[in-house]
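Enquirer: Sharing start.cif here; it has mmCIF, C-alpha atoms.
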data_coords
loop_
_atom_site.group_PDB
_atom_site.id
_atom_site.type_symbol
_atom_site.label_atom_id
_atom_site.label_comp_id
_atom_site.auth_asym_id
_atom_site.auth_seq_id
_atom_site.Cartn_x
_atom_site.Cartn_y
_atom_site.Cartn_z
ATOM 1 C CA MET A 1 -47.044 21.657 45.064
ATOM 2 C CA GLU A 2 -49.037 24.756 46.056
ATOM 3 C CA ASP A 3 -47.815 24.465 49.654
ATOM 4 C CA ARG A 4 -44.243 24.204 48.448
ATOM 5 C CA ASP A 5 -44.663 27.229 46.197
ATOM 6 C CA GLN A 6 -46.139 29.202 49.071
ATOM 7 C CA GLN A 7 -43.245 28.242 51.333
ATOM 8 C CA THR A 8 -40.850 29.466 48.684
ATOM 9 C CA LYS A 9 -42.724 32.749 48.362
ATOM 10 C CA ASP A 10 -42.766 33.190 52.125
ATOM 11 C CA LYS A 11 -38.974 32.889 52.237
ATOM 12 C CA MET A 12 -38.280 35.326 49.410
ATOM 13 C CA ALA A 13 -36.742 38.710 50.084
ATOM 14 C CA THR A 14 -38.477 41.461 48.179
ATOM 15 C CA ALA A 15 -36.855 43.511 45.449
ATOM 16 C CA GLU A 16 -37.211 46.548 47.699
ATOM 17 C CA ASP A 17 -35.211 44.822 50.438
ATOM 18 C CA VAL A 18 -32.475 44.058 47.950
ATOM 19 C CA LYS A 19 -32.455 47.625 46.644
ATOM 20 C CA ALA A 20 -32.181 48.993 50.175
ATOM 21 C CA HIS A 21 -29.231 46.734 50.911
ATOM 22 C CA VAL A 22 -27.335 47.385 47.694
ATOM 23 C CA GLU A 23 -28.051 51.109 47.473
ATOM 24 C CA GLY A 24 -28.129 51.891 51.185
ATOM 25 C CA PRO A 25 -25.506 53.763 53.215
ATOM 26 C CA GLY A 26 -22.020 52.497 52.484
ATOM 27 C CA ALA A 27 -23.133 50.520 49.456
ATOM 28 C CA GLU A 28 -20.105 51.678 47.485
ATOM 29 C CA LYS A 29 -17.848 50.052 50.020
ATOM 30 C CA ASP A 30 -16.939 46.389 49.891
ATOM 31 C CA SER A 31 -19.824 44.731 51.716
ATOM 32 C CA CYS A 32 -18.200 41.303 52.038
ATOM 33 C CA GLU A 33 -18.265 40.510 55.722
ATOM 34 C CA ASN A 34 -17.672 36.814 55.133
ATOM 35 C CA PRO A 35 -15.071 36.221 52.395
ATOM 36 C CA GLU A 36 -16.021 32.534 52.136
ATOM 37 C CA HIS A 37 -19.645 33.276 51.179
ATOM 38 C CA THR A 38 -19.578 36.054 48.604
ATOM 39 C CA PHE A 39 -21.291 36.831 45.323
ATOM 40 C CA GLY A 40 -22.046 39.647 42.916
ATOM 41 C CA PHE A 41 -19.621 41.625 40.801
ATOM 42 C CA ASN A 42 -16.075 41.009 42.032
ATOM 43 C CA ASN A 43 -17.583 38.976 44.912
ATOM 44 C CA ARG A 44 -18.231 42.190 46.764
ATOM 45 C CA PHE A 45 -21.442 41.186 48.548
ATOM 46 C CA SER A 46 -22.234 38.793 51.380
ATOM 47 C CA ASN A 47 -24.996 38.282 53.931
ATOM 48 C CA LEU A 48 -27.502 39.695 51.465
ATOM 49 C CA PHE A 49 -29.965 36.920 52.170
ATOM 50 C CA SER A 50 -31.318 35.898 55.540
ATOM 51 C CA GLY A 51 -31.074 32.197 56.278
ATOM 52 C CA ASN A 52 -31.958 30.176 53.203
ATOM 53 C CA SER A 53 -34.272 32.813 51.772
ATOM 54 C CA GLU A 54 -33.765 33.865 48.195
ATOM 55 C CA PRO A 55 -35.122 37.023 46.598
ATOM 56 C CA ALA A 56 -37.568 37.090 43.760
ATOM 57 C CA GLY A 57 -35.897 35.911 40.564
ATOM 58 C CA LEU A 58 -33.251 33.699 42.105
ATOM 59 C CA THR A 59 -35.913 31.315 43.349
ATOM 60 C CA LEU A 60 -36.536 30.505 39.703
ATOM 61 C CA ASN A 61 -33.011 29.556 38.823
ATOM 62 C CA GLN A 62 -30.625 29.880 41.772
ATOM 63 C CA GLN A 63 -29.447 26.337 42.355
ATOM 64 C CA TYR A 64 -27.520 26.826 45.564
ATOM 65 C CA PRO A 65 -28.249 28.928 48.647
ATOM 66 C CA ALA A 66 -25.961 31.896 49.073
ATOM 67 C CA ASP A 67 -24.565 30.520 52.321
ATOM 68 C CA ILE A 68 -22.610 27.780 50.517
ATOM 69 C CA ALA A 69 -18.895 28.551 50.556
ATOM 70 C CA ASN A 70 -17.431 29.785 47.270
ATOM 71 C CA GLU A 71 -15.003 26.881 47.036
ATOM 72 C CA HIS A 72 -17.851 24.350 46.981
ATOM 73 C CA ARG A 73 -20.067 26.111 44.451
ATOM 74 C CA SER A 74 -18.001 25.148 41.401
ATOM 75 C CA GLN A 75 -18.027 21.465 42.298
ATOM 76 C CA MET A 76 -21.763 21.508 43.003
ATOM 77 C CA ARG A 77 -22.402 23.384 39.761
ATOM 78 C CA ARG A 78 -20.473 20.839 37.696
ATOM 79 C CA ILE A 79 -22.342 17.971 39.344
ATOM 80 C CA ALA A 80 -25.669 19.664 38.590
ATOM 81 C CA GLU A 81 -24.638 20.203 34.953
ATOM 82 C CA ASP A 82 -23.644 16.548 34.629
ATOM 83 C CA GLU A 83 -27.017 15.502 36.020
ATOM 84 C CA LYS A 84 -28.877 17.912 33.753
ATOM 85 C CA PHE A 85 -27.155 16.856 30.528
ATOM 86 C CA ASP A 86 -29.519 14.522 28.681
ATOM 87 C CA PRO A 87 -27.860 12.394 25.959
ATOM 88 C CA GLU A 88 -31.257 11.582 24.419
ATOM 89 C CA TYR A 89 -32.133 15.271 24.157
ATOM 90 C CA TYR A 90 -28.752 15.979 22.577
ATOM 91 C CA VAL A 91 -29.223 13.105 20.124
ATOM 92 C CA ALA A 92 -32.675 14.385 19.134
ATOM 93 C CA ASP A 93 -31.266 17.817 18.318
ATOM 94 C CA PHE A 94 -28.283 16.251 16.543
ATOM 95 C CA ARG A 95 -30.571 14.179 14.328
ATOM 96 C CA MET A 96 -32.682 17.211 13.397
ATOM 97 C CA PRO A 97 -30.212 20.068 12.897
ATOM 98 C CA ASP A 98 -32.514 22.327 10.850
ATOM 99 C CA GLU A 99 -33.650 24.380 13.852
ATOM 100 C CA ALA A 100 -30.077 24.949 14.994
ATOM 101 C CA GLU A 101 -29.066 25.904 11.463
ATOM 102 C CA ASP A 102 -31.747 28.598 11.456
ATOM 103 C CA TYR A 103 -30.348 30.042 14.682
ATOM 104 C CA ILE A 104 -26.813 29.831 13.339
ATOM 105 C CA ALA A 105 -27.827 31.673 10.166
ATOM 106 C CA PHE A 106 -29.109 34.674 12.119
ATOM 107 C CA THR A 107 -26.942 37.758 11.560
ATOM 108 C CA LEU A 108 -25.882 39.550 14.718
ATOM 109 C CA GLU A 109 -25.391 43.268 14.097
ATOM 110 C CA ILE A 110 -22.565 44.553 16.297
ATOM 111 C CA ARG A 111 -23.298 48.145 15.272
ATOM 112 C CA GLU A 112 -26.813 47.851 16.687
ATOM 113 C CA LEU A 113 -25.316 46.957 20.060
ATOM 114 C CA GLU A 114 -23.025 49.980 19.853
ATOM 115 C CA ARG A 115 -25.967 52.231 19.010
ATOM 116 C CA GLU A 116 -27.933 50.747 21.898
ATOM 117 C CA GLU A 117 -25.256 51.825 24.350
ATOM 118 C CA ALA A 118 -24.950 55.298 22.852
ATOM 119 C CA SER A 119 -28.690 56.000 22.935
ATOM 120 C CA GLU A 120 -29.498 54.975 26.507
ATOM 121 C CA GLU A 121 -29.304 56.837 29.775
ATOM 122 C CA LEU A 122 -29.921 54.247 32.485
ATOM 123 C CA GLU A 123 -30.360 54.647 36.208
ATOM 124 C CA MET A 124 -27.503 52.444 37.335
ATOM 125 C CA GLY A 125 -26.699 54.211 40.560
ATOM 126 C CA SER A 126 -23.408 56.033 40.922
ATOM 127 C CA ASP A 127 -21.583 57.179 37.786
ATOM 128 C CA LEU A 128 -18.269 56.985 39.607
ATOM 129 C CA PRO A 129 -15.726 54.465 38.278
ATOM 130 C CA LEU A 130 -15.778 51.141 40.077
ATOM 131 C CA PRO A 131 -12.196 50.245 41.015
ATOM 132 C CA VAL A 132 -11.040 46.625 40.883
ATOM 133 C CA GLU A 133 -7.751 45.392 42.281
ATOM 134 C CA GLU A 134 -5.216 44.303 39.690
ATOM 135 C CA SER A 135 -5.336 40.720 40.947
ATOM 136 C CA SER A 136 -9.111 40.538 40.356
ATOM 137 C CA ILE A 137 -9.364 42.089 36.880
ATOM 138 C CA ASN A 138 -9.043 38.832 34.958
ATOM 139 C CA ARG A 139 -11.591 37.085 37.152
ATOM 140 C CA CYS A 140 -14.073 39.887 36.471
ATOM 141 C CA LEU A 141 -13.424 39.602 32.740
ATOM 142 C CA TYR A 142 -14.024 35.852 32.860
ATOM 143 C CA GLY A 143 -17.409 36.509 34.446
ATOM 144 C CA LEU A 144 -18.174 39.085 31.766
ATOM 145 C CA SER A 145 -17.519 36.505 29.050
ATOM 146 C CA ASP A 146 -20.064 34.218 30.726
ATOM 147 C CA LEU A 147 -22.697 36.983 30.826
ATOM 148 C CA ILE A 148 -22.225 38.096 27.232
ATOM 149 C CA PHE A 149 -22.143 34.505 25.933
ATOM 150 C CA ALA A 150 -25.538 33.845 27.549
ATOM 151 C CA PHE A 151 -26.898 37.113 26.158
ATOM 152 C CA LEU A 152 -25.674 36.383 22.624
ATOM 153 C CA HIS A 153 -27.006 32.822 22.714
ATOM 154 C CA GLU A 154 -30.492 34.104 23.538
ATOM 155 C CA CYS A 155 -30.147 36.756 20.822
ATOM 156 C CA ARG A 156 -29.782 33.957 18.292
ATOM 157 C CA ILE A 157 -32.608 31.840 19.700
ATOM 158 C CA THR A 158 -35.024 34.797 19.650
ATOM 159 C CA GLU A 159 -33.497 36.495 16.585
ATOM 160 C CA GLY A 160 -32.864 39.557 18.691
ATOM 161 C CA GLU A 161 -36.459 39.859 19.942
ATOM 162 C CA PHE A 162 -36.429 38.803 23.589
ATOM 163 C CA ASN A 163 -39.591 37.222 25.005
ATOM 164 C CA VAL A 164 -41.081 36.610 28.454
ATOM 165 C CA GLU A 165 -38.776 33.625 28.982
ATOM 166 C CA SER A 166 -35.554 35.354 27.957
ATOM 167 C CA ALA A 167 -34.539 36.610 31.407
ATOM 168 C CA LEU A 168 -34.898 33.118 32.861
ATOM 169 C CA THR A 169 -33.122 31.508 29.904
ATOM 170 C CA ILE A 170 -30.148 33.875 30.076
ATOM 171 C CA SER A 171 -29.890 33.458 33.834
ATOM 172 C CA GLN A 172 -29.904 29.673 33.574
ATOM 173 C CA LEU A 173 -27.296 29.686 30.825
ATOM 174 C CA SER A 174 -25.010 32.054 32.734
ATOM 175 C CA ALA A 175 -23.423 30.290 35.700
ATOM 176 C CA THR A 176 -22.415 33.708 37.001
ATOM 177 C CA LEU A 177 -26.075 34.634 37.394
ATOM 178 C CA SER A 178 -27.558 31.264 38.331
ATOM 179 C CA CYS A 179 -24.780 29.844 40.511
ATOM 180 C CA PHE A 180 -22.799 32.927 41.590
ATOM 181 C CA ALA A 181 -19.880 31.319 39.741
ATOM 182 C CA THR A 182 -16.346 32.664 39.687
ATOM 183 C CA TYR A 183 -13.704 31.362 37.298
ATOM 184 C CA GLU A 184 -9.979 30.832 37.570
ATOM 185 C CA SER A 185 -9.366 30.913 33.814
ATOM 186 C CA LEU A 186 -10.979 32.100 30.609
ATOM 187 C CA ASP A 187 -11.041 28.530 29.303
ATOM 188 C CA GLU A 188 -13.039 27.460 32.359
ATOM 189 C CA ALA A 189 -15.591 30.224 31.780
ATOM 190 C CA ILE A 190 -16.094 29.377 28.109
ATOM 191 C CA VAL A 191 -16.217 25.617 28.637
ATOM 192 C CA THR A 192 -18.828 26.180 31.342
ATOM 193 C CA SER A 193 -20.884 28.269 28.914
ATOM 194 C CA PHE A 194 -20.716 25.456 26.355
ATOM 195 C CA ARG A 195 -21.707 22.844 28.937
ATOM 196 C CA ARG A 196 -24.692 24.858 30.089
ATOM 197 C CA SER A 197 -25.769 25.564 26.506
ATOM 198 C CA LEU A 198 -25.968 21.793 25.973
ATOM 199 C CA ALA A 199 -27.697 21.096 29.281
ATOM 200 C CA TYR A 200 -30.158 23.923 29.942
ATOM 201 C CA THR A 201 -31.221 25.559 26.690
ATOM 202 C CA LEU A 202 -34.012 24.773 24.262
ATOM 203 C CA CYS A 203 -31.679 24.033 21.339
ATOM 204 C CA ARG A 204 -28.675 21.953 22.432
ATOM 205 C CA ASN A 205 -26.252 22.036 19.559
ATOM 206 C CA PHE A 206 -22.450 22.198 19.705
ATOM 207 C CA LYS A 207 -22.126 24.053 16.414
ATOM 208 C CA LEU A 208 -24.515 26.720 17.713
ATOM 209 C CA ALA A 209 -22.339 27.158 20.807
ATOM 210 C CA VAL A 210 -19.273 27.583 18.585
ATOM 211 C CA THR A 211 -21.113 30.269 16.612
ATOM 212 C CA VAL A 212 -21.992 32.100 19.824
ATOM 213 C CA LEU A 213 -18.340 31.956 20.881
ATOM 214 C CA ASP A 214 -17.392 33.537 17.553
ATOM 215 C CA ASN A 215 -19.959 36.275 18.241
ATOM 216 C CA LEU A 216 -18.486 36.824 21.693
ATOM 217 C CA LYS A 217 -15.043 37.248 20.165
ATOM 218 C CA SER A 218 -16.446 39.762 17.670
ATOM 219 C CA VAL A 219 -18.168 41.782 20.390
ATOM 220 C CA VAL A 220 -15.056 42.015 22.562
ATOM 221 C CA ARG A 221 -12.869 42.713 19.541
ATOM 222 C CA SER A 222 -15.217 45.563 18.598
ATOM 223 C CA GLY A 223 -14.485 47.141 21.961
ATOM 224 C CA ARG A 224 -16.090 48.919 24.850
ATOM 225 C CA LYS A 225 -19.257 50.216 23.141
ATOM 226 C CA ALA A 226 -20.323 46.790 21.901
ATOM 227 C CA MET A 227 -19.800 45.205 25.322
ATOM 228 C CA LEU A 228 -21.703 48.021 27.001
ATOM 229 C CA GLY A 229 -24.493 47.576 24.462
ATOM 230 C CA CYS A 230 -24.891 43.954 25.584
ATOM 231 C CA LEU A 231 -25.059 45.050 29.214
ATOM 232 C CA VAL A 232 -27.590 47.772 28.402
ATOM 233 C CA ARG A 233 -29.917 45.246 26.782
ATOM 234 C CA LEU A 234 -29.483 42.882 29.730
ATOM 235 C CA TRP A 235 -30.254 45.734 32.124
ATOM 236 C CA LYS A 236 -33.413 46.643 30.218
ATOM 237 C CA LEU A 237 -34.505 43.004 30.096
ATOM 238 C CA PHE A 238 -34.078 42.493 33.841
ATOM 239 C CA ASP A 239 -35.658 45.875 34.532
ATOM 240 C CA GLU A 240 -38.952 44.748 33.015
ATOM 241 C CA ASP A 241 -39.774 42.471 35.963
ATOM 242 C CA GLU A 242 -38.912 43.032 39.621
ATOM 243 C CA ASP A 243 -38.312 39.278 39.959
ATOM 244 C CA TRP A 244 -34.963 39.911 38.267
ATOM 245 C CA GLU A 245 -34.084 43.057 40.190
ATOM 246 C CA ILE A 246 -31.453 41.254 42.251
ATOM 247 C CA LEU A 247 -29.393 40.135 39.250
ATOM 248 C CA LYS A 248 -29.395 43.610 37.782
ATOM 249 C CA ARG A 249 -28.161 45.076 41.044
ATOM 250 C CA LEU A 250 -25.646 42.373 41.920
ATOM 251 C CA TYR A 251 -24.017 42.154 38.496
ATOM 252 C CA ILE A 252 -25.257 44.241 35.566
ATOM 253 C CA ASN A 253 -25.029 47.689 37.147
ATOM 254 C CA ASP A 254 -21.498 47.159 38.415
ATOM 255 C CA TYR A 255 -20.249 45.490 35.256
ATOM 256 C CA TYR A 256 -21.559 48.449 33.246
ATOM 257 C CA ARG A 257 -19.814 50.972 35.478
ATOM 258 C CA TRP A 258 -16.584 48.988 35.467
ATOM 259 C CA ILE A 259 -16.381 48.406 31.702
ATOM 260 C CA LYS A 260 -17.221 52.048 31.061
ATOM 261 C CA SER A 261 -14.057 53.112 32.886
ATOM 262 C CA LEU A 262 -11.793 50.154 32.051
ATOM 263 C CA ASP A 263 -8.668 51.128 30.126
ATOM 264 C CA SER A 264 -8.515 50.254 26.434
ATOM 265 C CA GLU A 265 -5.303 48.259 26.805
ATOM 266 C CA THR A 266 -6.990 45.799 29.162
ATOM 267 C CA ILE A 267 -9.937 45.372 26.797
ATOM 268 C CA GLU A 268 -7.604 44.761 23.859
ATOM 269 C CA ALA A 269 -5.603 42.209 25.841
ATOM 270 C CA PHE A 270 -8.831 40.446 26.799
ATOM 271 C CA ALA A 271 -9.853 40.310 23.136
ATOM 272 C CA GLU A 272 -6.501 38.760 22.239
ATOM 273 C CA ASP A 273 -6.833 36.133 24.966
ATOM 274 C CA LEU A 274 -10.365 35.314 23.870
ATOM 275 C CA GLU A 275 -9.288 34.840 20.251
ATOM 276 C CA LYS A 276 -7.055 31.978 21.392
ATOM 277 C CA VAL A 277 -9.868 30.059 23.089
ATOM 278 C CA GLN A 278 -11.051 26.979 21.249
ATOM 279 C CA VAL A 279 -13.463 24.452 22.742
ATOM 280 C CA ARG A 280 -13.431 20.804 21.720
ATOM 281 C CA LYS A 281 -16.256 18.380 22.319
ATOM 282 C CA ALA A 282 -13.894 16.342 24.475
ATOM 283 C CA ASP A 283 -13.479 19.344 26.806
ATOM 284 C CA LEU A 284 -17.091 19.095 27.969
ATOM 285 C CA GLY A 285 -16.716 15.779 29.784
ATOM 286 C CA TRP A 286 -19.752 14.078 28.242
ATOM 287 C CA ASP A 287 -18.165 11.982 25.467
ATOM 288 C CA ILE A 288 -20.251 13.802 22.877
ATOM 289 C CA GLU A 289 -18.128 12.528 19.998
ATOM 290 C CA SER A 290 -19.005 8.920 20.839
ATOM 291 C CA ILE A 291 -22.690 9.832 21.098
ATOM 292 C CA GLU A 292 -22.595 11.431 17.651
ATOM 293 C CA GLU A 293 -20.705 8.485 16.161
ATOM 294 C CA LEU A 294 -23.374 6.068 17.403
ATOM 295 C CA VAL A 295 -26.069 8.202 15.782
ATOM 296 C CA LEU A 296 -24.224 8.356 12.467
ATOM 297 C CA GLU A 297 -23.538 4.622 12.494
ATOM 298 C CA GLY A 298 -27.184 3.871 13.263
#
Mind converting the file's structure to structure tokens?
Expert:
Amino acid sequence: MEDRDQQTKDKMATAEDVKAHVEGPGAEKDSCENPEHTFGFNNRFSNLFSGNSEPAGLTLNQQYPADIANEHRSQMRRIAEDEKFDPEYYVADFRMPDEAEDYIAFTLEIRELEREEASEELEMGSDLPLPVEESSINRCLYGLSDLIFAFLHECRITEGEFNVESALTISQLSATLSCFATYESLDEAIVTSFRRSLAYTLCRNFKLAVTVLDNLKSVVRSGRKAMLGCLVRLWKLFDEDEDWEILKRLYINDYYRWIKSLDSETIEAFAEDLEKVQVRKADLGWDIESIEELVLEG
């Protein structure tokens, strides 16, 4: 195991290498040289890693090397989620719902998120607006829903007090961060968040996931400041450890800049679309209803 760990460390790119690439000359330009192997906000990066090496942070949770074509990542991600889902684990949490009920009872203060954004001056690189083509706006918003869902889920689990495991937990829950996922619909993004919450988190409870979705709707409905507050807290969390430097620079910085300059009409339309999203247990592909029925009958 030690040899394997050392091999992994030997292949890792350092946070400084990543910073030099992302913030180096021409960094504001689209750096996608290979459109089939892209990642980061709006898929604007490629060839960031050499060979199969992965920078610090992604070696903890990045399931697929960055040289896998975008079109194959979604299929591989779904297969990995199916393999990770443990019916026995789900049944154990279903039989003992008290822990989940405690997390569900936690009150999320939207105003605190808004105050967080207003009180922070973060070094996120350029303050210039980050333009996104009209055809890519929705896809970027779908990714944002994934990020904020993961953030809000961990807020409930930790009652707003992140711990040393929170960066890893959020990154595993967010397929955007852990799998460089891109989504073709808002439903796909939310269903993926539900699936991962029942496959990768400590407390795997469908009702908890529904509560987090309600929180996500409230945050987006509250508007720009609340969304930026979520990103600020994510930025600060990932900034505490250089192992997570890459995620901050590939996603959080750019999402913050983009949302800060995004027009209010687009945000309001996104909130309206999100309000319509409802996830059923049958949507997850794991026959959860039958599992629960067997438990109740037993």
Enquirer: Which residue is closest to Ser264 (chain A)? Choose from A:Leu152, A:Ile79, A:Val220, A:Ala167 and count all atoms listed in the file.
Expert: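 So, comparing all the options, the nearest one is A:Val220.
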Enquirer: Take the PyMOL selection byres ((chain A and resi 284) around 10), apply it to the structure above, and return the hits as JSON, numbers by chain.
Expert: {"A": [82, 191, 192, 193, 194, 195, 196, 198, 279, 280, 281, 282, 283, 285, 286, 287, 288]}
Enquirer: Residues picked by the PyMOL selection byres ((chain A and resi 266) around 12) here, as a list in words?
Expert: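 After applying the PyMOL selection byres ((chain A and resi 266) around 12), what remains is Glu134, Ile137, Asn138, Cys140, Leu141, Val220, Arg221, Gly223, Arg224, Trp258, Ile259, Ser261, Leu262, Asp263, Ser264, Glu265, Ile267, Glu268, Ala269, Phe270, Ala271, Glu272 and Asp273 of chain A.
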Enquirer: In Å, rounded to a single decimal, give me how far CA of Arg78 (chain A) is from CA of Gly40 (chain A).
Expert: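 If I compute the distance from CA of Gly40 (chain A) to CA of Arg78 (chain A), I get 19.6 Å.
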Enquirer: Tell me, in Å to one decimal, how far CA of Phe238 (chain A) is from CA of Phe45 (chain A).
Expert: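 Here the two named atoms are 19.4 Å from each other.
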Enquirer: When you draw a straight line from CA of Asp102 (chain A) to CA of Glu292 (chain A), how long is it in Å?
Expert: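 Separation between CA of Asp102 (chain A) and CA of Glu292 (chain A): 20.4 Å.
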Enquirer: Mind listing as a ChimeraX atom specification all residues within 10 Å of (-15.2, 37.5, 34.9), counting only C-alpha atoms?
Expert: /A:41-42,136-147,176,181-186,189,255
Enquirer: Would you mind telling me which residue in A:Ala226, A:Cys203, A:Ile246, A:Ile190 lies nearest to Leu177 (chain A) when using all atoms listed in the file?
Expert: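 Once distances to Leu177 (chain A) are computed over all atoms listed in the file, the minimum belongs to A:Ile246.
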Enquirer: Output region 131-153 of chain A with N, CA and C atoms present, as an mmCIF file, in the frame of the given file.
Expert:
data_model
loop_
_atom_site.group_PDB
_atom_site.id
_atom_site.type_symbol
_atom_site.label_atom_id
_atom_site.label_comp_id
_atom_site.auth_asym_id
_atom_site.auth_seq_id
_atom_site.Cartn_x
_atom_site.Cartn_y
_atom_site.Cartn_z
ATOM 1 N N PRO A 131 -13.556 50.782 41.029
ATOM 2 C CA PRO A 131 -12.196 50.245 41.015
ATOM 3 C C PRO A 131 -12.165 48.752 41.315
ATOM 4 N N VAL A 132 -11.256 48.053 40.656
ATOM 5 C CA VAL A 132 -11.040 46.625 40.883
ATOM 6 C C VAL A 132 -9.547 46.404 41.046
ATOM 7 N N GLU A 133 -9.166 45.663 42.064
ATOM 8 C CA GLU A 133 -7.751 45.392 42.281
ATOM 9 C C GLU A 133 -7.165 44.649 41.088
ATOM 10 N N GLU A 134 -5.899 44.908 40.832
ATOM 11 C CA GLU A 134 -5.216 44.303 39.690
ATOM 12 C C GLU A 134 -5.361 42.787 39.675
ATOM 13 N N SER A 135 -5.281 42.177 40.850
ATOM 14 C CA SER A 135 -5.336 40.720 40.947
ATOM 15 C C SER A 135 -6.716 40.153 40.624
ATOM 16 N N SER A 136 -7.740 41.009 40.589
ATOM 17 C CA SER A 136 -9.111 40.538 40.356
ATOM 18 C C SER A 136 -9.640 40.875 38.967
ATOM 19 N N ILE A 137 -8.874 41.633 38.185
ATOM 20 C CA ILE A 137 -9.364 42.089 36.880
ATOM 21 C C ILE A 137 -9.696 40.916 35.965
ATOM 22 N N ASN A 138 -8.790 39.958 35.854
ATOM 23 C CA ASN A 138 -9.043 38.832 34.958
ATOM 24 C C ASN A 138 -10.276 38.050 35.374
ATOM 25 N N ARG A 139 -10.434 37.836 36.676
ATOM 26 C CA ARG A 139 -11.591 37.085 37.152
ATOM 27 C C ARG A 139 -12.892 37.806 36.778
ATOM 28 N N CYS A 140 -12.885 39.118 36.869
ATOM 29 C CA CYS A 140 -14.073 39.887 36.471
ATOM 30 C C CYS A 140 -14.327 39.762 34.971
ATOM 31 N N LEU A 141 -13.271 39.758 34.182
ATOM 32 C CA LEU A 141 -13.424 39.602 32.740
ATOM 33 C C LEU A 141 -13.950 38.215 32.384
ATOM 34 N N TYR A 142 -13.517 37.200 33.113
ATOM 35 C CA TYR A 142 -14.024 35.852 32.860
ATOM 36 C C TYR A 142 -15.534 35.809 33.101
ATOM 37 N N GLY A 143 -15.978 36.449 34.175
ATOM 38 C CA GLY A 143 -17.409 36.509 34.446
ATOM 39 C C GLY A 143 -18.165 37.265 33.368
ATOM 40 N N LEU A 144 -17.552 38.316 32.848
ATOM 41 C CA LEU A 144 -18.174 39.085 31.766
ATOM 42 C C LEU A 144 -18.369 38.221 30.525
ATOM 43 N N SER A 145 -17.394 37.375 30.220
ATOM 44 C CA SER A 145 -17.519 36.505 29.050
ATOM 45 C C SER A 145 -18.699 35.555 29.206
ATOM 46 N N ASP A 146 -18.925 35.084 30.412
ATOM 47 C CA ASP A 146 -20.064 34.218 30.726
ATOM 48 C C ASP A 146 -21.381 34.959 30.484
ATOM 49 N N LEU A 147 -21.474 36.186 30.983
ATOM 50 C CA LEU A 147 -22.697 36.983 30.826
ATOM 51 C C LEU A 147 -23.005 37.261 29.353
ATOM 52 N N ILE A 148 -21.991 37.717 28.626
ATOM 53 C CA ILE A 148 -22.225 38.096 27.232
ATOM 54 C C ILE A 148 -22.508 36.870 26.375
ATOM 55 N N PHE A 149 -21.853 35.743 26.662
ATOM 56 C CA PHE A 149 -22.143 34.505 25.933
ATOM 57 C C PHE A 149 -23.621 34.156 26.076
ATOM 58 N N ALA A 150 -24.131 34.182 27.312
ATOM 59 C CA ALA A 150 -25.538 33.845 27.549
ATOM 60 C C ALA A 150 -26.461 34.814 26.814
ATOM 61 N N PHE A 151 -26.110 36.093 26.855
ATOM 62 C CA PHE A 151 -26.898 37.113 26.158
ATOM 63 C C PHE A 151 -26.920 36.850 24.655
ATOM 64 N N LEU A 152 -25.764 36.583 24.067
ATOM 65 C CA LEU A 152 -25.674 36.383 22.624
ATOM 66 C C LEU A 152 -26.377 35.098 22.192
ATOM 67 N N HIS A 153 -26.314 34.076 23.019
ATOM 68 C CA HIS A 153 -27.006 32.822 22.714
ATOM 69 C C HIS A 153 -28.511 33.073 22.609
#
